[in-house]
>>> print(open('data.csv').read())   # CSV, C-alpha atoms
chain,number,residue,atom,x,y,z
A,1,MET,CA,-113.0,51.4,76.9
A,2,LEU,CA,-114.2,54.3,74.8
A,3,THR,CA,-117.4,53.7,72.9
A,4,PRO,CA,-118.4,54.7,69.3
A,5,SER,CA,-120.7,57.3,70.8
A,6,LEU,CA,-117.7,59.4,71.5
A,7,ILE,CA,-117.2,60.0,67.8
A,8,THR,CA,-118.0,63.6,67.0
A,9,CYS,CA,-118.5,65.6,63.9
A,10,HIS,CA,-115.0,66.9,64.2
A,11,ASN,CA,-113.5,63.4,64.2
A,12,ARG,CA,-115.8,62.3,61.3
A,13,ALA,CA,-114.3,65.2,59.3
A,14,ILE,CA,-110.8,64.0,60.1
A,15,LEU,CA,-111.7,60.5,59.1
A,16,THR,CA,-113.2,61.6,55.9
A,17,VAL,CA,-110.1,63.6,54.9
A,18,LEU,CA,-107.8,60.8,55.8
A,19,GLN,CA,-109.8,58.3,53.9
A,20,ARG,CA,-109.9,60.5,50.9
A,21,HIS,CA,-106.2,61.5,50.9
A,22,TYR,CA,-104.3,58.8,52.8
A,23,THR,CA,-105.8,55.4,52.0
A,24,THR,CA,-105.5,52.8,49.3
A,25,THR,CA,-108.3,50.6,47.9
A,26,SER,CA,-106.6,47.5,49.4
A,27,GLN,CA,-106.7,48.4,53.0
A,28,LEU,CA,-107.8,51.1,55.5
A,29,PRO,CA,-105.0,52.1,57.8
A,30,ASN,CA,-105.5,51.1,61.4
A,31,ILE,CA,-104.9,54.6,62.6
A,32,LEU,CA,-108.3,55.6,61.3
A,33,ASN,CA,-109.9,53.4,63.9
A,34,TRP,CA,-107.6,54.7,66.6
A,35,ILE,CA,-108.5,58.3,65.8
A,36,ARG,CA,-112.2,57.6,66.4
A,37,GLN,CA,-111.3,57.2,70.0
A,38,GLY,CA,-109.5,60.6,70.4
A,39,ASP,CA,-112.2,63.2,71.2
A,40,HIS,CA,-112.2,62.9,74.9
A,41,ILE,CA,-109.3,65.3,74.8
A,42,LYS,CA,-110.2,68.8,73.6
A,43,THR,CA,-109.0,69.9,70.2
A,44,LYS,CA,-108.5,73.4,69.0
A,45,ASP,CA,-111.9,74.8,67.7
A,46,GLU,CA,-111.0,76.6,64.5
A,47,PRO,CA,-108.6,75.8,61.6
A,48,LEU,CA,-105.5,78.1,61.7
A,49,TYR,CA,-104.9,78.1,58.0
A,50,ASP,CA,-106.4,76.8,54.7
A,51,GLY,CA,-106.6,73.0,54.9
A,52,HIS,CA,-105.7,72.8,58.5
A,53,ILE,CA,-107.2,69.9,60.5
A,54,PRO,CA,-106.9,70.6,64.3
A,55,ILE,CA,-106.1,67.5,66.3
A,56,ASN,CA,-105.7,66.9,70.0
A,57,ILE,CA,-102.8,65.4,71.9
A,58,LEU,CA,-104.0,61.8,71.7
A,59,GLN,CA,-104.8,62.1,68.0
A,60,ARG,CA,-101.3,63.5,67.4
A,61,ALA,CA,-99.7,60.6,69.2
A,62,ILE,CA,-101.8,58.1,67.3
A,63,LEU,CA,-101.0,59.7,64.0
A,64,SER,CA,-97.3,59.8,64.8
A,65,VAL,CA,-97.0,56.2,66.0
A,66,GLY,CA,-99.5,54.8,63.5
A,67,SER,CA,-97.9,56.5,60.5
A,68,SER,CA,-94.5,55.3,61.7
A,69,ILE,CA,-95.7,51.7,61.9
A,70,MET,CA,-97.4,52.0,58.5
A,71,ALA,CA,-94.3,53.5,56.9
A,72,LEU,CA,-92.1,50.7,58.3
A,73,THR,CA,-94.4,47.8,57.4
A,74,ASP,CA,-95.5,49.2,54.0
A,75,PRO,CA,-92.8,51.6,52.7
A,76,ALA,CA,-94.9,52.4,49.6
A,77,ARG,CA,-97.1,54.4,51.8
A,78,GLY,CA,-95.4,57.7,51.2
A,79,ASP,CA,-98.5,59.4,52.5
A,80,MET,CA,-97.9,58.0,55.9
A,81,ILE,CA,-94.4,59.4,55.8
A,82,ALA,CA,-95.9,62.8,55.1
A,83,VAL,CA,-98.4,62.4,58.0
A,84,ASN,CA,-95.5,61.3,60.3
A,85,GLY,CA,-93.5,64.4,59.4
A,86,GLU,CA,-96.3,66.7,60.4
A,87,SER,CA,-97.4,64.8,63.5
A,88,SER,CA,-93.9,64.2,65.0
A,89,GLY,CA,-92.0,67.3,63.9
A,90,HIS,CA,-93.3,70.0,66.2
A,91,PHE,CA,-90.1,70.7,68.1
A,92,ALA,CA,-87.9,70.3,65.1
A,93,LEU,CA,-90.1,72.8,63.2
A,94,MET,CA,-89.8,75.2,66.1
A,95,GLY,CA,-86.0,75.0,65.9
A,96,MET,CA,-86.2,75.5,62.1
A,97,HIS,CA,-88.4,78.5,62.5
A,98,LYS,CA,-86.0,80.0,65.1
A,99,LYS,CA,-83.1,79.6,62.8
A,100,MET,CA,-85.0,81.4,60.0
A,101,LEU,CA,-85.9,84.3,62.4
A,102,GLU,CA,-82.2,84.7,63.3
A,103,ASN,CA,-81.3,85.2,59.6
A,104,GLU,CA,-82.1,88.2,57.5
A,105,GLU,CA,-82.9,86.2,54.4
A,106,GLY,CA,-84.8,83.7,56.5
A,107,GLN,CA,-86.9,86.5,58.0
A,108,GLU,CA,-87.8,87.7,54.5
A,109,ILE,CA,-88.9,84.2,53.5
A,110,LEU,CA,-91.2,84.0,56.6
A,111,LYS,CA,-92.6,87.4,55.8
A,112,ASP,CA,-93.3,86.9,52.1
A,113,ARG,CA,-94.1,83.2,52.4
A,114,PRO,CA,-93.2,82.4,48.7
A,115,ARG,CA,-94.4,79.1,47.2
A,116,ILE,CA,-92.6,76.9,44.7
A,117,ASN,CA,-94.9,75.5,42.1
A,118,SER,CA,-95.6,76.0,38.4
A,119,SER,CA,-98.0,78.9,39.2
A,120,SER,CA,-95.5,80.9,41.1
A,121,ILE,CA,-92.4,80.1,39.0
A,122,ASP,CA,-91.9,80.5,35.3
A,123,LEU,CA,-90.2,77.2,34.5
A,124,GLU,CA,-90.0,78.0,30.8
A,125,LYS,CA,-88.1,81.2,31.7
A,126,LEU,CA,-85.7,79.3,33.9
A,127,LYS,CA,-84.9,76.9,31.1
A,128,CYS,CA,-83.6,79.9,29.1
A,129,TYR,CA,-81.0,80.8,31.8
A,130,PRO,CA,-77.4,80.0,31.0
A,131,ASP,CA,-76.0,76.6,32.0
A,132,GLY,CA,-74.6,76.6,35.5
A,133,THR,CA,-77.1,79.0,37.0
A,134,LEU,CA,-79.4,77.8,39.8
A,135,GLY,CA,-82.5,78.3,37.7
A,136,ARG,CA,-81.2,76.3,34.7
A,137,GLU,CA,-79.7,73.5,36.8
A,138,TYR,CA,-83.0,73.2,38.8
A,139,THR,CA,-85.0,72.7,35.6
A,140,LYS,CA,-82.4,70.2,34.4
A,141,PHE,CA,-83.0,68.3,37.6
A,142,LEU,CA,-86.7,68.3,37.1
A,143,GLU,CA,-86.4,67.2,33.5
A,144,VAL,CA,-83.9,64.4,34.1
A,145,ASN,CA,-85.8,62.9,37.0
A,146,ASN,CA,-89.3,63.6,35.4
A,147,VAL,CA,-90.6,65.4,38.5
A,148,SER,CA,-92.7,68.5,39.0
A,149,PRO,CA,-92.8,71.2,41.7
A,150,ASP,CA,-96.6,70.8,41.8
A,151,THR,CA,-96.6,67.4,43.6
A,152,ARG,CA,-96.1,68.5,47.3
A,153,LEU,CA,-99.1,67.8,49.5
A,154,PRO,CA,-100.4,70.8,51.5
A,155,VAL,CA,-99.7,70.6,55.3
A,156,ARG,CA,-102.7,69.7,57.3
A,157,PHE,CA,-101.8,68.5,60.8
A,158,VAL,CA,-99.4,71.2,62.1
A,159,ASP,CA,-101.2,73.3,64.7
A,160,ASP,CA,-99.4,76.5,64.1
A,161,ALA,CA,-99.6,78.6,60.9
A,162,ASP,CA,-96.0,79.7,61.0
A,163,LEU,CA,-94.7,76.2,61.6
A,164,ALA,CA,-97.0,74.9,58.9
A,165,TYR,CA,-95.4,77.2,56.4
A,166,VAL,CA,-91.9,76.1,57.5
A,167,MET,CA,-92.9,72.5,56.8
A,168,GLN,CA,-94.4,73.4,53.4
A,169,ARG,CA,-91.3,75.3,52.5
A,170,TYR,CA,-89.2,72.3,53.5
A,171,ARG,CA,-91.2,70.1,51.2
A,172,GLU,CA,-91.1,72.5,48.3
A,173,THR,CA,-87.4,73.2,48.5
A,174,HIS,CA,-86.4,69.5,48.7
A,175,ASP,CA,-85.6,69.3,44.9
A,176,LEU,CA,-83.6,72.5,45.1
A,177,VAL,CA,-81.6,71.0,47.9
A,178,HIS,CA,-80.9,68.0,45.6
A,179,THR,CA,-79.8,70.5,42.9
A,180,ILE,CA,-77.4,72.6,45.0
A,181,LEU,CA,-75.9,69.5,46.7
A,182,GLY,CA,-75.4,67.9,43.3
A,183,CYS,CA,-77.2,64.7,44.4
A,184,PRO,CA,-79.2,62.6,42.0
A,185,THR,CA,-82.3,60.7,43.0
A,186,ASN,CA,-80.7,57.3,43.2
A,187,MET,CA,-80.4,55.5,46.5
A,188,LEU,CA,-77.0,56.9,47.5
A,189,GLY,CA,-78.0,60.4,46.5
A,190,GLU,CA,-81.2,60.3,48.5
A,191,VAL,CA,-79.4,58.9,51.6
A,192,ALA,CA,-76.9,61.7,51.4
A,193,VAL,CA,-79.6,64.4,51.1
A,194,LYS,CA,-81.4,62.9,54.1
A,195,TRP,CA,-78.3,63.0,56.2
A,196,VAL,CA,-77.8,66.7,55.4
A,197,GLU,CA,-81.5,67.5,56.1
A,198,ALA,CA,-81.5,65.4,59.3
A,199,LEU,CA,-78.5,67.3,60.7
A,200,GLN,CA,-79.8,70.7,59.7
A,201,THR,CA,-83.5,70.3,60.6
A,202,GLY,CA,-83.7,67.6,63.2
A,203,LEU,CA,-87.0,66.4,61.7
A,204,PRO,CA,-87.6,62.8,62.9
A,205,MET,CA,-88.6,61.6,59.5
A,206,CYS,CA,-85.3,62.9,58.1
A,207,ILE,CA,-83.4,61.1,60.8
A,208,GLY,CA,-85.3,57.9,60.1
A,209,GLY,CA,-84.5,58.2,56.4
A,210,ALA,CA,-80.8,58.8,57.1
A,211,VAL,CA,-80.6,55.9,59.6
A,212,PHE,CA,-82.8,53.3,57.9
A,213,GLY,CA,-82.2,54.3,54.3
A,214,PRO,CA,-78.8,52.5,53.9
A,215,VAL,CA,-80.0,49.2,55.5
A,216,ARG,CA,-80.7,47.5,52.2
A,217,LEU,CA,-77.9,48.9,50.2
A,218,LYS,CA,-76.2,46.3,48.1
A,219,PRO,CA,-72.9,45.2,49.4
A,220,LYS,CA,-71.0,46.8,46.5
A,221,ASN,CA,-72.6,50.2,47.5
A,222,ARG,CA,-72.1,49.9,51.2
A,223,SER,CA,-68.4,50.6,51.1
A,224,THR,CA,-69.0,53.6,48.8
A,225,TYR,CA,-71.6,54.9,51.2
A,226,LEU,CA,-69.5,54.5,54.3
A,227,ASN,CA,-66.2,55.8,52.8
A,228,GLU,CA,-67.5,58.6,50.5
A,229,TYR,CA,-71.2,59.5,50.9
A,230,LEU,CA,-71.7,59.4,54.7
A,231,PRO,CA,-68.6,61.5,55.7
A,232,TRP,CA,-69.3,64.1,53.0
A,233,ALA,CA,-73.0,64.4,54.0
A,234,ILE,CA,-72.1,64.7,57.7
A,235,ARG,CA,-69.6,67.4,56.9
A,236,VAL,CA,-72.1,69.3,54.7
A,237,GLY,CA,-74.9,69.0,57.2
A,238,SER,CA,-72.8,70.2,60.0
A,239,ASN,CA,-70.7,72.9,58.4
A,240,SER,CA,-72.8,74.5,55.6
A,241,ALA,CA,-75.3,77.3,56.1
A,242,PHE,CA,-78.9,76.5,57.0
A,243,LEU,CA,-80.4,75.8,53.6
A,244,MET,CA,-83.9,76.8,54.7
A,245,ASN,CA,-82.6,80.4,54.8
A,246,VAL,CA,-81.9,80.5,51.1
A,247,TYR,CA,-84.4,82.7,49.2
A,248,TYR,CA,-84.1,80.5,46.1
A,249,GLU,CA,-86.5,82.6,44.1
A,250,ARG,CA,-84.2,85.6,44.2
A,251,ARG,CA,-81.2,83.5,43.2
A,252,TRP,CA,-82.2,81.9,39.9
A,253,GLU,CA,-79.6,83.8,37.9
A,254,GLN,CA,-76.8,83.1,40.4
A,255,ASP,CA,-74.0,80.7,39.4
A,256,ILE,CA,-74.6,77.5,41.3
A,257,ALA,CA,-70.9,77.1,42.0
A,258,GLU,CA,-70.8,80.5,43.5
A,259,LEU,CA,-73.9,79.7,45.6
A,260,ARG,CA,-72.3,76.5,46.9
A,261,ASP,CA,-69.2,78.5,48.0
A,262,GLU,CA,-71.4,81.1,49.7
A,263,LEU,CA,-73.2,78.3,51.6
A,264,LYS,CA,-70.0,76.5,52.4
A,265,ILE,CA,-71.2,73.3,50.6
A,266,GLU,CA,-68.3,71.0,49.9
A,267,THR,CA,-68.2,69.5,46.4
A,268,PRO,CA,-69.9,66.1,46.4
A,269,PRO,CA,-67.9,63.0,45.7
A,270,VAL,CA,-67.4,62.4,42.0
A,271,ILE,CA,-69.0,59.0,42.1
A,272,LEU,CA,-72.1,60.7,43.6
A,273,LYS,CA,-72.6,62.7,40.5
A,274,SER,CA,-72.2,59.8,38.1
A,275,GLN,CA,-74.9,57.6,39.5
A,276,ARG,CA,-78.1,57.1,37.5
A,277,PRO,CA,-81.5,57.8,39.2
A,278,VAL,CA,-83.4,54.7,40.5
A,279,GLU,CA,-84.7,53.1,37.3
A,280,ASN,CA,-84.9,56.7,36.0
A,281,VAL,CA,-88.7,56.4,36.2
A,282,PHE,CA,-90.8,58.3,38.7
A,283,VAL,CA,-94.6,58.5,39.2
A,284,GLU,CA,-96.0,61.7,40.4
A,285,ALA,CA,-98.5,60.7,43.1
A,286,GLU,CA,-101.2,63.3,43.6
A,287,THR,CA,-102.2,61.7,46.8
A,288,ASN,CA,-99.1,62.4,48.8
A,289,GLY,CA,-97.0,64.8,46.7
A,290,LEU,CA,-94.0,62.4,46.6
A,291,LYS,CA,-91.8,61.1,43.8
A,292,MET,CA,-92.6,57.4,44.0
A,293,PRO,CA,-90.1,55.2,42.0
A,294,GLN,CA,-91.6,52.5,39.9
A,295,LEU,CA,-89.2,49.6,40.5
A,296,ASP,CA,-91.0,47.0,38.5
A,297,SER,CA,-92.5,46.9,35.1
A,298,THR,CA,-96.1,47.0,36.3
A,299,PRO,CA,-97.7,50.4,36.1
A,300,ILE,CA,-99.0,52.1,39.2
A,301,ALA,CA,-102.7,52.6,38.8
A,302,MET,CA,-104.1,56.0,39.9
A,303,ARG,CA,-107.7,56.5,40.6
A,304,SER,CA,-109.4,59.5,42.2
A,305,GLY,CA,-106.1,60.8,43.5
A,306,SER,CA,-105.4,57.5,45.4
A,307,ILE,CA,-102.8,54.9,44.8
A,308,THR,CA,-104.7,51.7,43.9
A,309,ARG,CA,-101.6,49.5,43.7
A,310,SER,CA,-98.4,49.8,45.8
A,311,CYS,CA,-95.1,49.8,43.9
A,312,LYS,CA,-92.2,47.6,45.0
A,313,MET,CA,-90.4,49.9,47.4
A,314,THR,CA,-87.7,49.0,49.8
A,315,PRO,CA,-88.0,50.7,53.2
A,316,GLU,CA,-85.2,53.1,52.5
A,317,ILE,CA,-86.8,54.4,49.3
A,318,GLY,CA,-90.1,55.0,51.2
A,319,PHE,CA,-88.3,57.1,53.8
A,320,LEU,CA,-86.1,59.0,51.5
A,321,LEU,CA,-88.4,60.3,48.8
A,322,PHE,CA,-90.3,62.8,50.9
>>> encode(input="data.csv", output="structure tokens")
Amino acid sequence: MLTPSLITCHNRAILTVLQRHYTTTSQLPNILNWIRQGDHIKTKDEPLYDGHIPINILQRAILSVGSSIMALTDPARGDMIAVNGESSGHFALMGMHKKMLENEEGQEILKDRPRINSSSIDLEKLKCYPDGTLGREYTKFLEVNNVSPDTRLPVRFVDDADLAYVMQRYRETHDLVHTILGCPTNMLGEVAVKWVEALQTGLPMCIGGAVFGPVRLKPKNRSTYLNEYLPWAIRVGSNSAFLMNVYYERRWEQDIAELRDELKIETPPVILKSQRPVENVFVEAETNGLKMPQLDSTPIAMRSGSITRSCKMTPEIGFLLF
């Protein structure tokens, strides 16, 4: 049995960051206690990029399993989903990185490492583009769903600078994927996007969202999902071009229909485009960078960047909104 004396300054730093960014005032995740016991396996000495927290094999396993359990038992913990994506996605990220290296546009993205946020993108300019262009449709998506490109949490637990950027890029292009797929942020739209992402990226958290997301669909929506959404999402995920290879920042003026044809994206089911977003109310959580739907009338209190009250979230919502 490991004793508290094995806790090092390195692990205390990890605990401090986790407590600051990944905890609520109501409970301290059990994984924090487990991480205290992880320093008997050597960690990498120096951070590889800004914000990086090096972790050893045991700590990675603990983060992966612990965050999965937390996400399943408390789906409002979107932060645990973020941690799970980083701690369990190494091999998937390697595959994504390889696909980008094999594509000319993907290579340029990896070389330039563009970021998608309000500092790097002139959203007001995009609003002036003609209807039907990628830039204008993207800003419409942000406006309708009350979301911002500034709410994606920086990657911390990926022990490779190149793969860390791939994960960051995946997070920051998620809303653009919604836009070009024509999928709203309701339950069926989120499930469809997760299927496409799961088939293209192989990220475990995407697979989890695709598999567990539909579990609590209402009976009236299940037939629609099985007959319309699921077959369409599987075809798009399997047959379309790798969406991580799209240099979106160079395509703002491109007609979105033309872009879909180029990427071999099949037109989404009509019913998909007619659905309203979940409650049409989203709270931008600074803690985890996720769009967290407020499904009841009680506000979600925010204090010091931490969620002080969990919203009512079904398991599928928690998995899908990352």
>>> residues_around(input="data.csv", residues="Ile256 (chain A)", least_positions_apart="6", cutoff="12 Å", atoms="only C-alpha atoms", output="JSON list (two decimals) with C-alpha atoms, in the coordinates of the input")
[["chain", "number", "residue", "atom", "x", "y", "z"],
["A", 129, "TYR", "CA", -81.00, 80.80, 31.80],
["A", 130, "PRO", "CA", -77.40, 80.00, 31.00],
["A", 131, "ASP", "CA", -76.00, 76.60, 32.00],
["A", 132, "GLY", "CA", -74.60, 76.60, 35.50],
["A", 133, "THR", "CA", -77.10, 79.00, 37.00],
["A", 134, "LEU", "CA", -79.40, 77.80, 39.80],
["A", 135, "GLY", "CA", -82.50, 78.30, 37.70],
["A", 136, "ARG", "CA", -81.20, 76.30, 34.70],
["A", 137, "GLU", "CA", -79.70, 73.50, 36.80],
["A", 138, "TYR", "CA", -83.00, 73.20, 38.80],
["A", 176, "LEU", "CA", -83.60, 72.50, 45.10],
["A", 177, "VAL", "CA", -81.60, 71.00, 47.90],
["A", 179, "THR", "CA", -79.80, 70.50, 42.90],
["A", 180, "ILE", "CA", -77.40, 72.60, 45.00],
["A", 181, "LEU", "CA", -75.90, 69.50, 46.70],
["A", 182, "GLY", "CA", -75.40, 67.90, 43.30],
["A", 248, "TYR", "CA", -84.10, 80.50, 46.10],
["A", 262, "GLU", "CA", -71.40, 81.10, 49.70],
["A", 263, "LEU", "CA", -73.20, 78.30, 51.60],
["A", 265, "ILE", "CA", -71.20, 73.30, 50.60],
["A", 267, "THR", "CA", -68.20, 69.50, 46.40]]
>>> atom_distance(input="data.csv", atom1="CA of Glu172 (chain A)", atom2="CA of Ser240 (chain A)")
19.8 Å
>>> residues_around(input="data.csv", residues="region 187-200 of chain A", least_positions_apart="3", cutoff="6 Å", atoms="all atoms listed in the file", output="list in words")
Cys183, Pro184, Cys206, Ile207, Ala210, Ala233, Gly237 and Leu320 of chain A
>>> write_last_selection(input="data.csv", atoms="C-alpha atoms", output="PDB file, in the frame of the given file")
ATOM      1  CA  CYS A 183     -77.200  64.700  44.400  1.00  0.00           C
ATOM      2  CA  PRO A 184     -79.200  62.600  42.000  1.00  0.00           C
ATOM      3  CA  CYS A 206     -85.300  62.900  58.100  1.00  0.00           C
ATOM      4  CA  ILE A 207     -83.400  61.100  60.800  1.00  0.00           C
ATOM      5  CA  ALA A 210     -80.800  58.800  57.100  1.00  0.00           C
ATOM      6  CA  ALA A 233     -73.000  64.400  54.000  1.00  0.00           C
ATOM      7  CA  GLY A 237     -74.900  69.000  57.200  1.00  0.00           C
ATOM      8  CA  LEU A 320     -86.100  59.000  51.500  1.00  0.00           C
TER       9      LEU A 320
END
>>> atom_distance(input="data.csv", atom1="CA of Ser88 (chain A)", atom2="CA of Val65 (chain A)")
8.6 Å
>>> closest_residue(input="data.csv", among="A:Asn103, A:Thr173, A:Asn146, A:Ser67", to="Asn117 (chain A)", atoms="only C-alpha atoms")
A:Thr173
